[in-house]
Amino acid sequence: WVLVDYASYWAPAAAARHGVPCAFLSLFGAAALSFFGTPETLLGLGRHAKTEPAHLTVVPEYVPFPTTVAYRGYEARELFEPGLVPDDSGVSEGYRFAKTIEGCRLVGIRSSSEFEPEWLRLLGELYEKPVIPVGLFPPAPQQDVAGHEATLRWLDGQAPSSVVYAAFGSEVKLTSAQLQRIALGLEAAGLPFLWAFRAPTDSTSGGLPEGFEERLAVAGRGVLCRGWVPQVRLLAHASVGGFLTHAGWNSIAEGLAHGVRLVLLPLVFEQGLNARNLVDKKVGVEVARDEQDGSFAAADIAAALRRVMVEDEGEGFGAKVKELAKVFGDDEVNDQCVRDFLRHLSEHTKKNQDQD
């Protein structure tokens with residue numbers, strides 16, 4: 001077998017010339033893949049084709065259960081041209097993705113039946129080929145924490161499940177305006193926080209509000225970490241109870257594996273779809289945004305944080321994420337998913353050999 005991910009659309013044909021089958025190993029969850037539909041739909045064909053941004057803002061007709069999984073208007077406009085409109089090569093990212101799926105005999109999804117069974121079933125129906133959850137692959141907490149000893153000592157001094165950890169991935173840099181609103185929102189929430197801070201794209205002044213770091217130093221209520229951080233080790237710490245995140249699939253798996261409540265600020269790609277799926281499953285809340293341009297205020301950050309960490313309904317979020325942590329963080333559950341995937345590969349190979 002050849003395992004391919006994302007848009008290696010040339011790989012299935014190349015493998016077939018050598019008599020080798022391909023399997024698609026998805027970097028995304030089942031909800032996001034299901035939203036985009038069949039390869040035909042991704043190619044802009046058929047009744048469900050998404051030929052304008054507005055088509056990305058509604059739940060597709062073929063989804064047979066209640067859900068809010070769809071893009072906001074500002075997300076759809078940002079995604080549509082680079083994702084579904086042909087570039088200088090003459091084909092789009094959607095085309096590459098569709099041809100990759102089309103050429104593979106089965107699909108492995110980094111997910112589990114315990115987390116999104118309805119979406120996994122739907123995806124199998126859409127693709128008309130085996131769709132197998134391969135588990136969440138949550139990484140173990142890092143043991144090498146050189147340079148972060150002071151941060152861990154600070155966490156040791158906080159109350160259990162009281163700290164918000166904030167991080168927004170490595171693929172997108174926020175603007176200075178966004179960072180300032182996040183900083184003021186973290187401050188206004190009145191909760192202890194640890195922020196994996198990355199400098200903005202559009203400023204050389206640091207991107208933080210005037211006096212922010214000085215106020216943190218006096219209050220002792222927040223810590224900024226610049227550069228790489230041992231994220232999984234931090235999420236696993238007993239004092240961390242909330243995670244302000246961009247809703248990337250890796251970060252979601254890491255957060256839920258350690259039972260932390262999620263506050264979601266999706267930025268690019270499929271992150272908005274991930275966020276709505278998590279809100280539907282009542283394991284987190286999404287930061288309120290302006291529907292036209294996606295902007296948010298410091299008060300929106302603070303309100304979302306307090307909703308999951310302080311207000312009464314936060315207890316419900318806490319109970320739900322602890323329940324999911326038993327799935328996301330269970331090595332045996334994840335290992336069994338991998339074994340099942342390998343068994344499918346083996347059985348599929350034998351069936352093809354028998355047919356030949």
# chains A, B, ... in the order shown; residues from 1 in each chain; ligands from 1
$ residues_around --residues "segment 282-294 of chain A" --least-positions-apart "4" --cutoff "10 Å" --atoms "only C-alpha atoms" --output "PyMOL selection string"
chain A and resi 72-75+77-78+242-247+256+259-267+272+275-278+299-305+307-308+314+316-324
$ write_last_selection --atoms "N, CA and C atoms" --output "CSV table (one decimal), in the first residue's frame"
chain,number,residue,atom,x,y,z
A,72,ARG,N,-18.8,30.5,8.2
A,72,ARG,CA,-19.4,31.9,8.3
A,72,ARG,C,-19.1,32.6,7.0
A,73,GLY,N,-19.8,33.7,6.7
A,73,GLY,CA,-19.6,34.4,5.4
A,73,GLY,C,-18.2,34.9,5.2
A,74,TYR,N,-17.5,35.4,6.3
A,74,TYR,CA,-16.2,35.9,6.1
A,74,TYR,C,-15.2,34.8,5.9
A,75,GLU,N,-15.4,33.6,6.5
A,75,GLU,CA,-14.6,32.5,6.2
A,75,GLU,C,-14.7,32.0,4.8
A,77,ARG,N,-15.7,33.6,2.1
A,77,ARG,CA,-15.1,34.5,1.1
A,77,ARG,C,-13.5,34.3,1.1
A,78,GLU,N,-12.9,34.1,2.3
A,78,GLU,CA,-11.5,34.0,2.3
A,78,GLU,C,-11.0,32.6,1.8
A,242,GLY,N,-8.6,25.3,30.9
A,242,GLY,CA,-9.2,25.8,29.6
A,242,GLY,C,-8.1,26.0,28.6
A,243,PHE,N,-8.5,26.0,27.3
A,243,PHE,CA,-7.6,26.1,26.2
A,243,PHE,C,-8.3,27.0,25.1
A,244,LEU,N,-7.7,28.2,25.0
A,244,LEU,CA,-8.1,29.2,24.0
A,244,LEU,C,-7.3,28.8,22.7
A,245,THR,N,-7.9,28.3,21.7
A,245,THR,CA,-7.3,27.7,20.6
A,245,THR,C,-7.9,28.1,19.2
A,246,HIS,N,-7.1,27.9,18.2
A,246,HIS,CA,-7.5,28.2,16.8
A,246,HIS,C,-8.3,27.1,16.2
A,247,ALA,N,-8.5,26.0,17.0
A,247,ALA,CA,-9.4,24.9,16.5
A,247,ALA,C,-8.7,24.1,15.4
A,256,LEU,N,-8.4,17.8,24.1
A,256,LEU,CA,-9.4,16.8,24.5
A,256,LEU,C,-8.8,15.6,25.2
A,259,GLY,N,-8.6,16.6,28.7
A,259,GLY,CA,-9.8,17.0,29.4
A,259,GLY,C,-9.9,18.4,29.7
A,260,VAL,N,-9.4,19.3,28.8
A,260,VAL,CA,-9.5,20.8,29.1
A,260,VAL,C,-10.7,21.3,28.2
A,261,ARG,N,-11.3,22.3,28.8
A,261,ARG,CA,-12.5,23.0,28.1
A,261,ARG,C,-11.9,23.9,27.0
A,262,LEU,N,-12.7,24.0,25.9
A,262,LEU,CA,-12.2,24.6,24.7
A,262,LEU,C,-12.9,26.0,24.5
A,263,VAL,N,-12.1,27.0,24.2
A,263,VAL,CA,-12.6,28.3,23.7
A,263,VAL,C,-12.0,28.4,22.3
A,264,LEU,N,-12.9,28.6,21.3
A,264,LEU,CA,-12.5,28.4,19.9
A,264,LEU,C,-12.4,29.7,19.2
A,265,LEU,N,-11.3,30.0,18.6
A,265,LEU,CA,-11.1,31.2,17.7
A,265,LEU,C,-10.5,30.7,16.4
A,266,PRO,N,-11.3,30.1,15.5
A,266,PRO,CA,-10.8,29.6,14.3
A,266,PRO,C,-10.3,30.7,13.4
A,267,LEU,N,-9.2,30.3,12.6
A,267,LEU,CA,-8.5,31.4,11.8
A,267,LEU,C,-8.6,31.0,10.3
A,272,GLY,N,-13.0,26.6,11.2
A,272,GLY,CA,-14.3,27.0,11.5
A,272,GLY,C,-15.3,25.8,11.5
A,275,ALA,N,-14.6,24.0,14.8
A,275,ALA,CA,-15.2,24.7,15.9
A,275,ALA,C,-16.7,24.5,16.0
A,276,ARG,N,-17.4,24.5,14.9
A,276,ARG,CA,-18.9,24.3,15.0
A,276,ARG,C,-19.2,22.9,15.4
A,277,ASN,N,-18.4,21.9,15.0
A,277,ASN,CA,-18.6,20.5,15.4
A,277,ASN,C,-18.4,20.4,16.9
A,278,LEU,N,-17.4,21.0,17.4
A,278,LEU,CA,-17.1,21.0,18.9
A,278,LEU,C,-18.2,21.7,19.7
A,299,ALA,N,-13.8,42.1,24.7
A,299,ALA,CA,-14.9,41.6,25.5
A,299,ALA,C,-15.4,40.3,25.0
A,300,ASP,N,-15.4,40.0,23.7
A,300,ASP,CA,-15.8,38.7,23.2
A,300,ASP,C,-14.9,37.6,23.7
A,301,ILE,N,-13.6,37.8,23.8
A,301,ILE,CA,-12.7,36.8,24.3
A,301,ILE,C,-13.0,36.6,25.8
A,302,ALA,N,-13.1,37.7,26.5
A,302,ALA,CA,-13.3,37.5,28.0
A,302,ALA,C,-14.6,36.8,28.3
A,303,ALA,N,-15.7,37.1,27.5
A,303,ALA,CA,-17.0,36.5,27.8
A,303,ALA,C,-16.9,35.0,27.5
A,304,ALA,N,-16.3,34.6,26.4
A,304,ALA,CA,-16.2,33.2,26.1
A,304,ALA,C,-15.4,32.4,27.1
A,305,LEU,N,-14.3,33.0,27.6
A,305,LEU,CA,-13.5,32.4,28.6
A,305,LEU,C,-14.2,32.2,29.9
A,307,ARG,N,-17.4,32.1,30.3
A,307,ARG,CA,-18.5,31.1,30.1
A,307,ARG,C,-18.1,29.7,30.4
A,308,VAL,N,-16.9,29.3,29.9
A,308,VAL,CA,-16.5,27.9,30.1
A,308,VAL,C,-15.8,27.7,31.4
A,314,GLY,N,-20.3,26.2,32.7
A,314,GLY,CA,-18.9,25.6,32.6
A,314,GLY,C,-18.8,24.2,33.2
A,316,GLY,N,-20.9,21.9,32.9
A,316,GLY,CA,-21.3,20.9,31.9
A,316,GLY,C,-20.3,20.7,30.9
A,317,PHE,N,-19.6,21.8,30.5
A,317,PHE,CA,-18.4,21.6,29.5
A,317,PHE,C,-17.4,20.7,30.2
A,318,GLY,N,-17.1,21.0,31.5
A,318,GLY,CA,-16.0,20.2,32.1
A,318,GLY,C,-16.4,18.7,32.2
A,319,ALA,N,-17.6,18.4,32.5
A,319,ALA,CA,-18.0,17.0,32.5
A,319,ALA,C,-17.9,16.3,31.2
A,320,LYS,N,-18.3,17.1,30.1
A,320,LYS,CA,-18.2,16.5,28.8
A,320,LYS,C,-16.8,16.2,28.3
A,321,VAL,N,-15.9,17.2,28.6
A,321,VAL,CA,-14.5,17.0,28.1
A,321,VAL,C,-13.8,15.9,28.9
A,322,LYS,N,-14.2,15.8,30.2
A,322,LYS,CA,-13.6,14.7,30.9
A,322,LYS,C,-14.0,13.3,30.4
A,323,GLU,N,-15.3,13.3,29.9
A,323,GLU,CA,-15.8,12.0,29.3
A,323,GLU,C,-15.0,11.7,28.0
A,324,LEU,N,-14.8,12.8,27.2
A,324,LEU,CA,-14.1,12.6,25.9
A,324,LEU,C,-12.6,12.3,26.1
$ closest_atom_pairs --of "segment 232-283 of chain A" --to "segment 29-32 of chain A" --cutoff "8 Å" --atoms "only C-alpha atoms" --output "Markdown table"
| residue | atom | partner | partner_atom | distance |
| --- | --- | --- | --- | --- |
| A:Trp249 | CA | A:Gly29 | CA | 7.2 |
| A:Glu270 | CA | A:Ala32 | CA | 6.3 |
| A:Leu273 | CA | A:Ala32 | CA | 5.8 |
| A:Asn274 | CA | A:Ala32 | CA | 6.7 |
| A:Asn277 | CA | A:Ala31 | CA | 7.1 |
$ write_last_selection --atoms "C-alpha atoms" --output "compact mmCIF listing (two decimals), in the first residue's frame"
# COMPACT_ATOMS: atom_id res chain seq x y z
CA TRP A 249 -7.21 19.35 14.48
CA GLU A 270 -11.25 23.88 8.06
CA LEU A 273 -15.95 23.63 10.66
CA ASN A 274 -14.04 21.99 13.52
CA ASN A 277 -18.63 20.52 15.40
$ closest_atom_pairs --of "segment 123-173 of chain A" --to "segment 97-109 of chain A" --cutoff "9 Å" --atoms "only C-alpha atoms" --output "Markdown table"
| residue | atom | partner | partner_atom | distance |
| --- | --- | --- | --- | --- |
| A:Gly124 | CA | A:Val107 | CA | 8.7 |
| A:Tyr127 | CA | A:Ile101 | CA | 8.1 |
| A:Lys129 | CA | A:Leu106 | CA | 5.7 |
| A:Pro130 | CA | A:Leu106 | CA | 5.0 |
| A:Val131 | CA | A:Val107 | CA | 4.8 |
| A:Ile132 | CA | A:Gly108 | CA | 4.9 |
| A:Pro133 | CA | A:Ile109 | CA | 4.7 |
| A:Val134 | CA | A:Ile109 | CA | 5.7 |
| A:Gly135 | CA | A:Ile109 | CA | 7.6 |
| A:Leu136 | CA | A:Ile109 | CA | 8.8 |
$ write_last_selection --atoms "C-alpha atoms" --output "PDB file, in the first residue's frame"
ATOM      1  CA  GLY A 124     -18.559   6.385   4.034  1.00  0.00           C
ATOM      2  CA  TYR A 127     -17.211   8.335  -0.733  1.00  0.00           C
ATOM      3  CA  LYS A 129     -15.575   3.227  -0.086  1.00  0.00           C
ATOM      4  CA  PRO A 130     -14.388   2.050   3.338  1.00  0.00           C
ATOM      5  CA  VAL A 131     -13.830   4.902   5.826  1.00  0.00           C
ATOM      6  CA  ILE A 132     -11.919   3.727   8.883  1.00  0.00           C
ATOM      7  CA  PRO A 133     -11.156   5.802  11.999  1.00  0.00           C
ATOM      8  CA  VAL A 134      -7.471   5.389  12.849  1.00  0.00           C
ATOM      9  CA  GLY A 135      -7.577   7.034  16.286  1.00  0.00           C
ATOM     10  CA  LEU A 136      -6.501  10.455  17.460  1.00  0.00           C
TER      11      LEU A 136
END
$ atom_distance --atom1 "atom CA of Arg153 of chain A" --atom2 "atom CA of Glu315 of chain A"
26.9 Å
$ select_by_dssp --residues "segment 202-263 of chain A" --states "strand (DSSP E or B)" --output "ChimeraX atom specification"
/A:222-226,240-245,261-263
$ write_last_selection --atoms "N, CA and C atoms" --output "CSV table (one decimal), in the first residue's frame"
chain,number,residue,atom,x,y,z
A,222,GLY,N,-0.5,36.2,34.9
A,222,GLY,CA,-0.4,35.7,33.6
A,222,GLY,C,1.1,35.5,33.2
A,223,VAL,N,1.4,34.6,32.3
A,223,VAL,CA,2.7,34.3,31.8
A,223,VAL,C,2.7,34.3,30.3
A,224,LEU,N,3.7,35.0,29.7
A,224,LEU,CA,3.9,34.9,28.2
A,224,LEU,C,5.1,34.1,27.9
A,225,CYS,N,4.9,33.1,27.0
A,225,CYS,CA,6.1,32.3,26.6
A,225,CYS,C,6.3,32.6,25.1
A,226,ARG,N,7.5,33.0,24.8
A,226,ARG,CA,7.9,33.3,23.4
A,226,ARG,C,8.7,32.1,22.9
A,240,VAL,N,-4.2,23.5,34.5
A,240,VAL,CA,-4.7,24.0,33.3
A,240,VAL,C,-6.1,23.4,33.1
A,241,GLY,N,-7.1,24.3,33.0
A,241,GLY,CA,-8.5,23.8,32.8
A,241,GLY,C,-9.2,24.3,31.5
A,242,GLY,N,-8.6,25.3,30.9
A,242,GLY,CA,-9.2,25.8,29.6
A,242,GLY,C,-8.1,26.0,28.6
A,243,PHE,N,-8.5,26.0,27.3
A,243,PHE,CA,-7.6,26.1,26.2
A,243,PHE,C,-8.3,27.0,25.1
A,244,LEU,N,-7.7,28.2,25.0
A,244,LEU,CA,-8.1,29.2,24.0
A,244,LEU,C,-7.3,28.8,22.7
A,245,THR,N,-7.9,28.3,21.7
A,245,THR,CA,-7.3,27.7,20.6
A,245,THR,C,-7.9,28.1,19.2
A,261,ARG,N,-11.3,22.3,28.8
A,261,ARG,CA,-12.5,23.0,28.1
A,261,ARG,C,-11.9,23.9,27.0
A,262,LEU,N,-12.7,24.0,25.9
A,262,LEU,CA,-12.2,24.6,24.7
A,262,LEU,C,-12.9,26.0,24.5
A,263,VAL,N,-12.1,27.0,24.2
A,263,VAL,CA,-12.6,28.3,23.7
A,263,VAL,C,-12.0,28.4,22.3
$ closest_residue --among "A:Phe24, A:Thr68, A:Leu234, A:Phe35" --to "Pro12 of chain A" --atoms "only C-alpha atoms"
A:Phe24
